[in-house]
>>> print(open('query-v8.cif').read())   # mmCIF, C-alpha atoms
data_entry
loop_
_atom_site.label_atom_id
_atom_site.label_comp_id
_atom_site.auth_asym_id
_atom_site.auth_seq_id
_atom_site.Cartn_x
_atom_site.Cartn_y
_atom_site.Cartn_z
CA MET A 106 7.84 -12.93 -6.86
CA ASP A 107 9.89 -10.77 -4.48
CA GLU A 108 8.32 -8.27 -2.09
CA ARG A 109 8.74 -5.24 -4.37
CA ASP A 110 6.95 -7.05 -7.20
CA LEU A 111 4.21 -8.18 -4.85
CA ILE A 112 3.65 -4.58 -3.72
CA LYS A 113 3.55 -3.31 -7.33
CA GLN A 114 1.10 -6.01 -8.34
CA ALA A 115 -1.04 -5.43 -5.23
CA GLN A 116 -1.21 -1.70 -5.98
CA LYS A 117 -2.37 -2.53 -9.51
CA GLY A 118 -5.29 -4.46 -8.02
CA ASN A 119 -3.90 -8.00 -8.02
CA GLN A 120 -5.73 -9.58 -5.07
CA GLN A 121 -3.55 -12.69 -5.03
CA ALA A 122 -0.41 -10.56 -4.64
CA LEU A 123 -2.00 -8.53 -1.84
CA SER A 124 -3.06 -11.72 -0.02
CA GLU A 125 0.48 -13.10 -0.25
CA LEU A 126 1.95 -9.83 0.98
CA LEU A 127 -0.33 -9.69 4.02
CA GLN A 128 0.23 -13.35 4.78
CA LYS A 129 3.98 -12.79 4.76
CA HIS A 130 3.77 -10.02 7.36
CA TYR A 131 0.89 -11.32 9.48
CA ALA A 132 2.94 -12.94 12.25
CA PHE A 133 5.24 -9.91 12.59
CA LEU A 134 2.28 -7.54 12.81
CA LYS A 135 0.36 -9.62 15.33
CA SER A 136 3.42 -10.16 17.45
CA TYR A 137 4.09 -6.40 17.46
CA LEU A 138 0.51 -5.61 18.48
CA LEU A 139 0.73 -8.24 21.22
CA LYS A 140 3.83 -6.55 22.60
CA ILE A 141 2.44 -3.02 22.66
CA THR A 142 -1.00 -4.00 23.99
CA VAL A 143 0.16 -6.88 26.24
CA ASN A 144 -3.29 -8.28 25.48
CA PRO A 145 -3.59 -11.17 22.99
CA TYR A 146 -7.35 -10.70 22.55
CA LEU A 147 -7.05 -7.03 21.68
CA ALA A 148 -3.99 -7.74 19.52
CA GLU A 149 -6.08 -10.22 17.50
CA ASP A 150 -8.83 -7.64 16.85
CA LEU A 151 -6.34 -4.90 16.00
CA THR A 152 -4.48 -7.19 13.59
CA GLN A 153 -7.72 -7.80 11.71
CA GLU A 154 -8.50 -4.08 11.58
CA THR A 155 -4.98 -3.29 10.42
CA LEU A 156 -5.26 -5.78 7.56
CA ILE A 157 -8.54 -4.19 6.44
CA LYS A 158 -7.06 -0.69 6.59
CA ALA A 159 -3.97 -1.85 4.68
CA ILE A 160 -6.15 -3.37 1.94
CA GLU A 161 -8.11 -0.11 1.63
CA LYS A 162 -4.98 2.05 1.58
CA ILE A 163 -2.53 -0.13 -0.37
CA THR A 164 -2.31 2.39 -3.24
CA SER A 165 -1.11 5.08 -0.81
CA TYR A 166 1.93 3.04 0.32
CA ASP A 167 4.85 5.00 -1.12
CA GLY A 168 7.76 2.70 -0.26
CA ARG A 169 9.51 5.31 1.92
CA SER A 170 9.62 2.80 4.77
CA ALA A 171 9.61 -1.01 4.81
CA PHE A 172 6.20 -2.59 4.24
CA SER A 173 6.32 -4.08 7.76
CA SER A 174 6.93 -0.59 9.20
CA TRP A 175 3.97 0.72 7.22
CA LEU A 176 1.79 -2.00 8.73
CA ILE A 177 2.90 -1.30 12.27
CA THR A 178 2.29 2.41 11.67
CA ILE A 179 -1.33 1.61 10.80
CA GLY A 180 -1.62 -0.80 13.75
CA SER A 181 -0.14 1.68 16.24
CA ARG A 182 -2.47 4.45 15.12
CA LEU A 183 -5.50 2.18 15.32
CA TYR A 184 -4.47 1.22 18.85
CA ILE A 185 -4.05 4.88 19.85
CA ASP A 186 -7.48 5.69 18.37
CA PHE A 187 -8.96 2.76 20.24
CA LEU A 188 -7.50 4.05 23.52
CA ARG A 189 -8.79 7.57 22.91
CA LYS A 190 -12.33 6.27 22.60
CA LYS A 191 -12.21 4.49 25.98
CA ASP A 192 -12.25 6.19 29.36
CA THR A 193 -9.40 5.53 31.80
CA GLU A 194 -11.43 3.44 34.22
CA LYS A 195 -12.76 1.14 31.52
CA ARG A 196 -9.23 0.75 30.09
CA TRP A 197 -7.87 -0.18 33.52
CA THR A 198 -10.62 -2.75 34.11
CA GLU A 199 -10.05 -4.33 30.69
CA LYS A 200 -6.28 -4.40 31.26
CA GLN A 201 -6.76 -6.20 34.58
CA LYS A 202 -9.19 -8.70 33.04
CA ALA A 203 -6.80 -9.47 30.19
CA LEU A 204 -3.92 -9.80 32.65
CA SER A 205 -5.74 -12.38 34.78
CA LYS A 206 -6.75 -14.32 31.65
CA MET A 207 -3.13 -14.34 30.44
CA LYS A 208 -1.80 -15.46 33.82
CA TRP A 209 -4.37 -18.23 33.84
CA ALA A 210 -3.38 -19.25 30.30
CA ALA A 211 0.31 -19.28 31.32
CA GLY A 212 -0.54 -21.44 34.34
CA ASN A 213 -2.42 -23.88 32.11
CA LEU A 214 0.70 -24.25 29.99
CA ASN A 215 2.78 -24.80 33.16
CA ARG A 216 4.74 -21.66 32.38
CA ASP A 217 5.74 -18.84 34.71
CA TRP A 218 4.19 -15.49 33.98
CA PRO A 219 7.02 -13.03 33.11
CA GLU A 220 6.72 -10.69 36.11
CA PHE A 221 8.68 -7.97 34.33
CA LEU A 222 5.68 -7.40 32.05
CA GLU A 223 3.75 -6.05 35.02
CA ALA A 224 6.35 -3.32 35.42
CA LEU A 225 6.03 -2.62 31.68
CA LEU A 226 2.25 -2.43 32.04
CA THR A 227 2.52 0.33 34.64
CA LEU A 228 3.72 2.60 31.82
CA SER A 229 0.98 4.34 29.91
CA GLU A 230 0.76 3.50 26.20
CA GLU A 231 2.21 6.82 25.07
CA TYR A 232 5.46 5.86 26.87
CA ARG A 233 5.36 2.08 26.39
CA ILE A 234 5.03 2.11 22.59
CA PRO A 235 8.07 4.34 21.85
CA LEU A 236 10.15 2.37 24.38
CA ILE A 237 9.32 -0.95 22.70
CA LEU A 238 9.88 0.45 19.22
CA LYS A 239 13.27 1.81 20.28
CA HIS A 240 14.66 -0.90 22.52
CA TYR A 241 12.98 -4.04 21.23
CA TYR A 242 12.67 -3.34 17.50
CA GLY A 243 15.64 -0.97 17.23
CA TYR A 244 13.91 1.79 15.24
CA THR A 245 15.57 5.21 15.20
CA TYR A 246 13.95 8.18 16.93
CA ALA A 247 13.09 9.67 13.52
CA GLU A 248 11.40 6.44 12.38
CA ILE A 249 9.41 6.22 15.62
CA ALA A 250 8.34 9.84 15.20
CA ASP A 251 7.09 8.93 11.73
CA ILE A 252 5.27 5.82 12.94
CA LEU A 253 3.54 7.55 15.85
CA HIS A 254 3.09 10.87 14.06
CA ILE A 255 4.75 12.88 16.82
CA ARG A 256 7.89 15.03 16.94
CA GLU A 257 11.33 13.42 17.26
CA GLY A 258 12.04 15.43 20.43
CA THR A 259 8.84 14.11 21.98
CA VAL A 260 9.89 10.54 21.16
CA LYS A 261 13.28 11.07 22.83
CA SER A 262 11.76 12.50 25.97
CA ARG A 263 9.12 9.75 26.16
CA VAL A 264 11.71 6.98 25.75
CA HIS A 265 13.88 8.62 28.42
CA HIS A 266 10.96 9.03 30.81
CA ALA A 267 9.75 5.47 30.13
CA SER A 268 13.22 4.02 30.85
CA ASN A 269 13.45 5.89 34.17
CA GLN A 270 9.95 4.88 35.18
CA LEU A 271 10.52 1.25 34.20
CA ARG A 272 13.82 1.09 36.09
CA LYS A 273 12.10 2.45 39.19
CA GLU A 274 9.28 -0.11 38.93
CA TRP A 275 11.76 -2.92 38.32
CA LEU A 276 13.90 -2.00 41.33
CA ASP A 277 10.78 -1.68 43.49
CA ASP A 278 9.62 -5.13 42.35
CA GLU A 279 13.04 -6.64 43.04
CA GLN A 280 13.11 -5.14 46.53
CA THR A 281 9.59 -6.43 47.23
CA SER A 282 10.35 -9.93 45.99
CA GLY A 283 13.79 -10.27 47.42
CA MET B 186 30.47 -0.01 43.68
CA ASN B 187 27.54 1.51 41.82
CA LYS B 188 26.89 0.34 38.28
CA HIS B 189 27.28 2.74 35.37
CA PRO B 190 23.81 4.04 34.31
CA ASP B 191 24.32 2.73 30.72
CA GLU B 192 25.06 -0.74 32.06
CA ASP B 193 21.94 -0.48 34.22
CA ASN B 194 19.88 0.53 31.17
CA ASP B 195 21.32 -2.33 29.09
CA GLN B 196 20.21 -4.78 31.76
CA LEU B 197 16.80 -3.16 31.89
CA TYR B 198 16.28 -3.37 28.12
CA GLN B 199 17.56 -6.95 28.09
CA LYS B 200 15.02 -7.83 30.78
CA MET B 201 12.28 -6.13 28.72
CA ARG B 202 13.26 -8.05 25.57
CA GLU B 203 13.23 -11.33 27.48
CA GLY B 204 9.82 -10.58 28.98
CA LEU B 205 8.36 -9.71 25.57
CA ASP B 206 9.89 -12.81 23.98
CA GLU B 207 8.29 -14.92 26.69
CA LEU B 208 4.96 -13.25 25.94
CA ASP B 209 5.45 -14.23 22.29
CA GLU B 210 6.11 -17.83 23.29
CA LEU B 211 3.02 -17.91 25.51
CA PHE B 212 0.76 -16.51 22.78
CA PRO B 213 2.37 -17.46 19.46
CA SER B 214 1.18 -15.59 16.36
CA ALA B 215 0.32 -18.47 14.04
CA THR B 216 -0.33 -17.37 10.46
CA PRO B 217 -3.76 -18.44 9.12
CA ASP B 218 -3.94 -20.35 5.82
CA PRO B 219 -3.93 -18.48 2.45
CA ALA B 220 -7.73 -18.81 2.10
CA PHE B 221 -8.18 -16.46 5.08
CA PHE B 222 -6.14 -13.72 3.39
CA GLN B 223 -7.81 -14.23 0.01
CA SER B 224 -11.21 -13.94 1.64
CA ILE B 225 -10.40 -10.80 3.68
CA VAL B 226 -8.86 -9.11 0.59
CA SER B 227 -11.83 -10.00 -1.61
CA GLU B 228 -14.45 -8.93 0.97
CA THR B 229 -12.72 -5.65 1.80
CA THR B 230 -12.18 -4.77 -1.87
CA LYS B 231 -15.88 -5.42 -2.61
CA ARG B 232 -16.95 -3.29 0.37
CA THR B 233 -14.61 -0.45 -0.60
CA LYS B 234 -15.83 -0.41 -4.21
CA LYS B 235 -19.44 -0.35 -3.01
CA ARG B 236 -18.70 2.56 -0.65
CA ILE B 237 -16.92 4.54 -3.38
CA ARG B 238 -19.85 4.00 -5.78
CA TYR B 239 -22.29 5.16 -3.09
CA GLU B 240 -20.22 8.27 -2.25
CA LEU B 241 -19.89 9.17 -5.91
CA LEU B 242 -23.63 8.80 -6.40
CA ALA B 243 -24.33 10.99 -3.35
CA PHE B 244 -21.89 13.62 -4.67
CA TRP B 245 -23.58 13.72 -8.09
CA CYS B 246 -27.03 13.95 -6.50
CA VAL B 247 -26.03 16.90 -4.32
CA ALA B 248 -24.29 18.58 -7.28
CA LEU B 249 -27.41 18.11 -9.41
CA VAL B 250 -29.67 19.64 -6.74
CA VAL B 251 -27.35 22.65 -6.29
CA LEU B 252 -27.01 23.22 -10.04
CA SER B 253 -30.74 22.94 -10.68
CA MET B 254 -31.45 25.36 -7.82
CA LEU B 255 -28.97 27.85 -9.23
CA TYR B 256 -30.48 27.47 -12.70
CA PHE B 257 -33.96 28.05 -11.29
CA ILE B 258 -32.91 31.16 -9.33
CA GLN B 259 -30.98 32.55 -12.32
CA SER B 260 -33.97 32.20 -14.60
CA GLN B 261 -36.63 33.32 -12.07
CA ALA B 262 -34.91 35.80 -9.73
CA LEU B 263 -31.71 37.30 -11.03
CA ILE B 264 -31.12 39.48 -7.93
CA ILE B 265 -31.22 36.47 -5.58
CA TYR B 266 -28.90 34.61 -7.95
CA PHE B 267 -26.26 37.37 -7.78
CA LEU B 268 -26.78 37.69 -4.01
CA VAL B 269 -26.09 33.94 -3.55
CA GLN B 270 -23.02 34.15 -5.81
CA GLY B 271 -21.70 37.23 -3.96
CA LEU B 272 -22.26 35.72 -0.50
CA SER B 273 -20.58 32.46 -1.54
CA PHE B 274 -17.54 34.38 -2.80
CA LEU B 275 -17.40 36.44 0.41
CA ALA B 276 -17.63 33.27 2.54
CA LEU B 277 -14.76 31.71 0.55
CA VAL B 278 -12.56 34.80 1.07
CA LEU B 279 -13.33 34.79 4.81
CA ILE B 280 -12.54 31.06 5.17
CA LEU B 281 -9.22 31.45 3.30
CA ALA B 282 -8.28 34.52 5.34
CA LYS B 283 -9.08 32.75 8.63
CA ARG B 284 -7.01 29.74 7.59
CA TRP B 285 -4.09 32.00 6.59
CA VAL B 286 -4.19 33.78 9.97
CA GLY B 287 -4.36 30.39 11.73
CA ASN B 288 -1.29 29.12 9.85
CA HIS B 289 0.76 32.21 10.68
CA ASP B 290 -0.20 32.37 14.33
CA THR B 291 3.03 31.71 16.28
CA THR B 292 1.67 32.05 19.79
CA PRO B 293 1.88 28.73 21.71
#
>>> encode(input="query-v8.cif", output="structure tokens")
Amino acid sequence: MDERDLIKQAQKGNQQALSELLQKHYAFLKSYLLKITVNPYLAEDLTQETLIKAIEKITSYDGRSAFSSWLITIGSRLYIDFLRKKDTEKRWTEKQKALSKMKWAAGNLNRDWPEFLEALLTLSEEYRIPLILKHYYGYTYAEIADILHIREGTVKSRVHHASNQLRKEWLDDEQTSG
Amino acid sequence: MNKHPDEDNDQLYQKMREGLDELDELFPSATPDPAFFQSIVSETTKRTKKRIRYELLAFWCVALVVLSMLYFIQSQALIIYFLVQGLSFLALVLILAKRWVGNHDTTP
């Protein structure tokens, strides 16, 4: 069964088709959430929540965007909601905790921690997510606006601001290290 | 000689892509087996159906209470019945008018 058939069957209530569909997109979704959160533990929880939301809302998927884009729209909005519920200090503490755990995990695997990610983490989520969607995934400004439910002009200005900020952080890091 | 800003940005985005790919390699997103998906779909569907049934039941209960109250007032106190109907209509007009004004308000 191809993806379009799976979606049709899933919307008619075929649980097997829905399971197959979610299984097919699981790795993409989790990897996306890992990139925007830079926190594997949070990405895991959000992936689970996204799957549940997708199961509940499968009949409202209208096929205007790819199924994977629909999933990352749900995931992004859940992440934004999650951030809204937490105060800044708590978010910062959790970010630092996750960062040390990840560095430790990288060390255990005898791998270097990609230092550039620290520069990326200095960007707040409202700037980081559009930047990743644009320059990692290659979505258009209009598609990003749709995913994040904000205006296209806002997306453009956030991506622009994020690039400038990231460049500044990167150059500062390079000067410090070298 | 200074680099062209576009070239600088290309390098920056390349660096970002590499960093994110490394993150992916450090924490790979392994797909669970099919049983996991079947179980999550089945559980969520059951829960959703239960919630919908509960909400529908609550809706019918409230509707029944409102209708029986209206029937009682209509048969026992006709003036109060018309007063409730009139006030409800007035409230509806006010809500719609307020919403219309809100939608046409162009001030930032």
>>> closest_residue(input="query-v8.cif", among="B:Leu197, B:Ile265, B:Leu272, B:Ala282", to="Leu236 of chain A", atoms="all atoms listed in the file")
B:Leu197
>>> interface_residues(input="query-v8.cif", of="chain B", to="chain A", cutoff="9 Å", atoms="all atoms listed in the file", output="VMD selection string")
chain B and resid 193 to 194 197 to 209 211 to 227 229 to 230 233
>>> write_last_selection(input="query-v8.cif", atoms="C-alpha atoms", output="PDB file, keeping the file's coordinate frame")
ATOM      1  CA  ASP B 193      21.940  -0.480  34.220  1.00  0.00           C
ATOM      2  CA  ASN B 194      19.880   0.530  31.170  1.00  0.00           C
ATOM      3  CA  LEU B 197      16.800  -3.160  31.890  1.00  0.00           C
ATOM      4  CA  TYR B 198      16.280  -3.370  28.120  1.00  0.00           C
ATOM      5  CA  GLN B 199      17.560  -6.950  28.090  1.00  0.00           C
ATOM      6  CA  LYS B 200      15.020  -7.830  30.780  1.00  0.00           C
ATOM      7  CA  MET B 201      12.280  -6.130  28.720  1.00  0.00           C
ATOM      8  CA  ARG B 202      13.260  -8.050  25.570  1.00  0.00           C
ATOM      9  CA  GLU B 203      13.230 -11.330  27.480  1.00  0.00           C
ATOM     10  CA  GLY B 204       9.820 -10.580  28.980  1.00  0.00           C
ATOM     11  CA  LEU B 205       8.360  -9.710  25.570  1.00  0.00           C
ATOM     12  CA  ASP B 206       9.890 -12.810  23.980  1.00  0.00           C
ATOM     13  CA  GLU B 207       8.290 -14.920  26.690  1.00  0.00           C
ATOM     14  CA  LEU B 208       4.960 -13.250  25.940  1.00  0.00           C
ATOM     15  CA  ASP B 209       5.450 -14.230  22.290  1.00  0.00           C
ATOM     16  CA  LEU B 211       3.020 -17.910  25.510  1.00  0.00           C
ATOM     17  CA  PHE B 212       0.760 -16.510  22.780  1.00  0.00           C
ATOM     18  CA  PRO B 213       2.370 -17.460  19.460  1.00  0.00           C
ATOM     19  CA  SER B 214       1.180 -15.590  16.360  1.00  0.00           C
ATOM     20  CA  ALA B 215       0.320 -18.470  14.040  1.00  0.00           C
ATOM     21  CA  THR B 216      -0.330 -17.370  10.460  1.00  0.00           C
ATOM     22  CA  PRO B 217      -3.760 -18.440   9.120  1.00  0.00           C
ATOM     23  CA  ASP B 218      -3.940 -20.350   5.820  1.00  0.00           C
ATOM     24  CA  PRO B 219      -3.930 -18.480   2.450  1.00  0.00           C
ATOM     25  CA  ALA B 220      -7.730 -18.810   2.100  1.00  0.00           C
ATOM     26  CA  PHE B 221      -8.180 -16.460   5.080  1.00  0.00           C
ATOM     27  CA  PHE B 222      -6.140 -13.720   3.390  1.00  0.00           C
ATOM     28  CA  GLN B 223      -7.810 -14.230   0.010  1.00  0.00           C
ATOM     29  CA  SER B 224     -11.210 -13.940   1.640  1.00  0.00           C
ATOM     30  CA  ILE B 225     -10.400 -10.800   3.680  1.00  0.00           C
ATOM     31  CA  VAL B 226      -8.860  -9.110   0.590  1.00  0.00           C
ATOM     32  CA  SER B 227     -11.830 -10.000  -1.610  1.00  0.00           C
ATOM     33  CA  THR B 229     -12.720  -5.650   1.800  1.00  0.00           C
ATOM     34  CA  THR B 230     -12.180  -4.770  -1.870  1.00  0.00           C
ATOM     35  CA  THR B 233     -14.610  -0.450  -0.600  1.00  0.00           C
TER      36      THR B 233
END
>>> atom_distance(input="query-v8.cif", atom1="atom CA of Leu111 of chain A", atom2="atom CA of Thr245 of chain A")
26.7 Å
>>> residues_around(input="query-v8.cif", residues="Phe267 of chain B", least_positions_apart="6", cutoff="12 Å", atoms="all atoms listed in the file", output="list in words")
Leu255, Tyr256, Ile258, Gln259, Ser260, Gln261, Ser273 and Phe274 of chain B
>>> write_last_selection(input="query-v8.cif", atoms="C-alpha atoms", output="CSV table (one decimal), keeping the file's coordinate frame")
chain,number,residue,atom,x,y,z
B,255,LEU,CA,-29.0,27.8,-9.2
B,256,TYR,CA,-30.5,27.5,-12.7
B,258,ILE,CA,-32.9,31.2,-9.3
B,259,GLN,CA,-31.0,32.6,-12.3
B,260,SER,CA,-34.0,32.2,-14.6
B,261,GLN,CA,-36.6,33.3,-12.1
B,273,SER,CA,-20.6,32.5,-1.5
B,274,PHE,CA,-17.5,34.4,-2.8
>>> atom_distance(input="query-v8.cif", atom1="atom CA of Arg263 of chain A", atom2="atom CA of Arg233 of chain A")
8.5 Å
>>> residues_around(input="query-v8.cif", residues="Leu176 of chain A", least_positions_apart="3", cutoff="8 Å", atoms="only C-alpha atoms", output="JSON, numbers by chain")
{"A": [134, 155, 159, 172, 173, 179, 180]}
>>> axis_aligned_box(input="query-v8.cif", around="segment 176-186 of chain A", padding_each_side="3 Å", output="JSON")
{"center_x": -2.3, "center_y": 1.8, "center_z": 14.3, "size_x": 16.4, "size_y": 13.7, "size_z": 17.1}
>>> decode(input="query-v8.cif", residues="segment 112-122 of chain A", atoms="all heavy atoms", output="PDB file, in the first residue's frame")
ATOM      1  N   ILE A 112      -3.023   6.612   4.196  1.00  0.00           N
ATOM      2  CA  ILE A 112      -3.705   7.754   4.830  1.00  0.00           C
ATOM      3  C   ILE A 112      -5.226   7.584   4.713  1.00  0.00           C
ATOM      4  O   ILE A 112      -5.956   7.742   5.692  1.00  0.00           O
ATOM      5  CB  ILE A 112      -3.243   9.097   4.200  1.00  0.00           C
ATOM      6  CG1 ILE A 112      -1.761   9.332   4.532  1.00  0.00           C
ATOM      7  CG2 ILE A 112      -4.080  10.263   4.700  1.00  0.00           C
ATOM      8  CD1 ILE A 112      -1.101  10.474   3.795  1.00  0.00           C
ATOM      9  N   LYS A 113      -5.689   7.226   3.503  1.00  0.00           N
ATOM     10  CA  LYS A 113      -7.135   7.041   3.281  1.00  0.00           C
ATOM     11  C   LYS A 113      -7.695   5.979   4.221  1.00  0.00           C
ATOM     12  O   LYS A 113      -8.729   6.167   4.857  1.00  0.00           O
ATOM     13  CB  LYS A 113      -7.390   6.622   1.830  1.00  0.00           C
ATOM     14  CG  LYS A 113      -7.614   7.805   0.909  1.00  0.00           C
ATOM     15  CD  LYS A 113      -8.021   7.308  -0.457  1.00  0.00           C
ATOM     16  CE  LYS A 113      -7.893   8.415  -1.490  1.00  0.00           C
ATOM     17  NZ  LYS A 113      -7.920   7.901  -2.855  1.00  0.00           N
ATOM     18  N   GLN A 114      -6.978   4.848   4.278  1.00  0.00           N
ATOM     19  CA  GLN A 114      -7.416   3.751   5.134  1.00  0.00           C
ATOM     20  C   GLN A 114      -7.407   4.172   6.611  1.00  0.00           C
ATOM     21  O   GLN A 114      -8.342   3.862   7.350  1.00  0.00           O
ATOM     22  CB  GLN A 114      -6.503   2.528   4.949  1.00  0.00           C
ATOM     23  CG  GLN A 114      -6.649   1.832   3.617  1.00  0.00           C
ATOM     24  CD  GLN A 114      -8.069   1.327   3.395  1.00  0.00           C
ATOM     25  OE1 GLN A 114      -8.666   0.747   4.283  1.00  0.00           O
ATOM     26  NE2 GLN A 114      -8.615   1.597   2.217  1.00  0.00           N
ATOM     27  N   ALA A 115      -6.351   4.879   7.005  1.00  0.00           N
ATOM     28  CA  ALA A 115      -6.231   5.329   8.403  1.00  0.00           C
ATOM     29  C   ALA A 115      -7.382   6.262   8.759  1.00  0.00           C
ATOM     30  O   ALA A 115      -7.951   6.192   9.845  1.00  0.00           O
ATOM     31  CB  ALA A 115      -4.896   6.022   8.610  1.00  0.00           C
ATOM     32  N   GLN A 116      -7.745   7.137   7.815  1.00  0.00           N
ATOM     33  CA  GLN A 116      -8.835   8.082   8.082  1.00  0.00           C
ATOM     34  C   GLN A 116     -10.193   7.374   8.155  1.00  0.00           C
ATOM     35  O   GLN A 116     -11.133   7.879   8.752  1.00  0.00           O
ATOM     36  CB  GLN A 116      -8.856   9.174   7.004  1.00  0.00           C
ATOM     37  CG  GLN A 116      -7.677  10.131   7.185  1.00  0.00           C
ATOM     38  CD  GLN A 116      -7.645  11.258   6.187  1.00  0.00           C
ATOM     39  OE1 GLN A 116      -7.975  11.053   5.021  1.00  0.00           O
ATOM     40  NE2 GLN A 116      -7.226  12.429   6.616  1.00  0.00           N
ATOM     41  N   LYS A 117     -10.260   6.189   7.534  1.00  0.00           N
ATOM     42  CA  LYS A 117     -11.508   5.415   7.599  1.00  0.00           C
ATOM     43  C   LYS A 117     -11.572   4.580   8.876  1.00  0.00           C
ATOM     44  O   LYS A 117     -12.532   3.855   9.096  1.00  0.00           O
ATOM     45  CB  LYS A 117     -11.608   4.493   6.377  1.00  0.00           C
ATOM     46  CG  LYS A 117     -12.058   5.219   5.124  1.00  0.00           C
ATOM     47  CD  LYS A 117     -12.114   4.243   3.970  1.00  0.00           C
ATOM     48  CE  LYS A 117     -12.378   4.962   2.657  1.00  0.00           C
ATOM     49  NZ  LYS A 117     -12.097   4.094   1.513  1.00  0.00           N
ATOM     50  N   GLY A 118     -10.493   4.629   9.671  1.00  0.00           N
ATOM     51  CA  GLY A 118     -10.502   3.910  10.950  1.00  0.00           C
ATOM     52  C   GLY A 118      -9.686   2.622  10.954  1.00  0.00           C
ATOM     53  O   GLY A 118      -9.759   1.867  11.913  1.00  0.00           O
ATOM     54  N   ASN A 119      -8.915   2.396   9.881  1.00  0.00           N
ATOM     55  CA  ASN A 119      -8.080   1.196   9.836  1.00  0.00           C
ATOM     56  C   ASN A 119      -6.832   1.400  10.721  1.00  0.00           C
ATOM     57  O   ASN A 119      -5.924   2.160  10.379  1.00  0.00           O
ATOM     58  CB  ASN A 119      -7.676   0.927   8.373  1.00  0.00           C
ATOM     59  CG  ASN A 119      -6.870  -0.333   8.220  1.00  0.00           C
ATOM     60  OD1 ASN A 119      -6.194  -0.769   9.142  1.00  0.00           O
ATOM     61  ND2 ASN A 119      -6.943  -0.930   7.038  1.00  0.00           N
ATOM     62  N   GLN A 120      -6.826   0.733  11.870  1.00  0.00           N
ATOM     63  CA  GLN A 120      -5.743   0.935  12.842  1.00  0.00           C
ATOM     64  C   GLN A 120      -4.396   0.421  12.343  1.00  0.00           C
ATOM     65  O   GLN A 120      -3.355   0.987  12.642  1.00  0.00           O
ATOM     66  CB  GLN A 120      -6.103   0.254  14.170  1.00  0.00           C
ATOM     67  CG  GLN A 120      -7.286   0.922  14.848  1.00  0.00           C
ATOM     68  CD  GLN A 120      -7.492   0.472  16.276  1.00  0.00           C
ATOM     69  OE1 GLN A 120      -6.725  -0.297  16.831  1.00  0.00           O
ATOM     70  NE2 GLN A 120      -8.542   0.956  16.890  1.00  0.00           N
ATOM     71  N   GLN A 121      -4.440  -0.655  11.549  1.00  0.00           N
ATOM     72  CA  GLN A 121      -3.208  -1.232  11.013  1.00  0.00           C
ATOM     73  C   GLN A 121      -2.521  -0.218  10.076  1.00  0.00           C
ATOM     74  O   GLN A 121      -1.306  -0.012  10.144  1.00  0.00           O
ATOM     75  CB  GLN A 121      -3.544  -2.531  10.258  1.00  0.00           C
ATOM     76  CG  GLN A 121      -2.351  -3.266   9.689  1.00  0.00           C
ATOM     77  CD  GLN A 121      -1.348  -3.701  10.761  1.00  0.00           C
ATOM     78  OE1 GLN A 121      -1.734  -4.041  11.877  1.00  0.00           O
ATOM     79  NE2 GLN A 121      -0.065  -3.651  10.426  1.00  0.00           N
ATOM     80  N   ALA A 122      -3.350   0.410   9.233  1.00  0.00           N
ATOM     81  CA  ALA A 122      -2.808   1.405   8.289  1.00  0.00           C
ATOM     82  C   ALA A 122      -2.212   2.591   9.041  1.00  0.00           C
ATOM     83  O   ALA A 122      -1.134   3.083   8.690  1.00  0.00           O
ATOM     84  CB  ALA A 122      -3.909   1.873   7.349  1.00  0.00           C
TER      85      ALA A 122
END
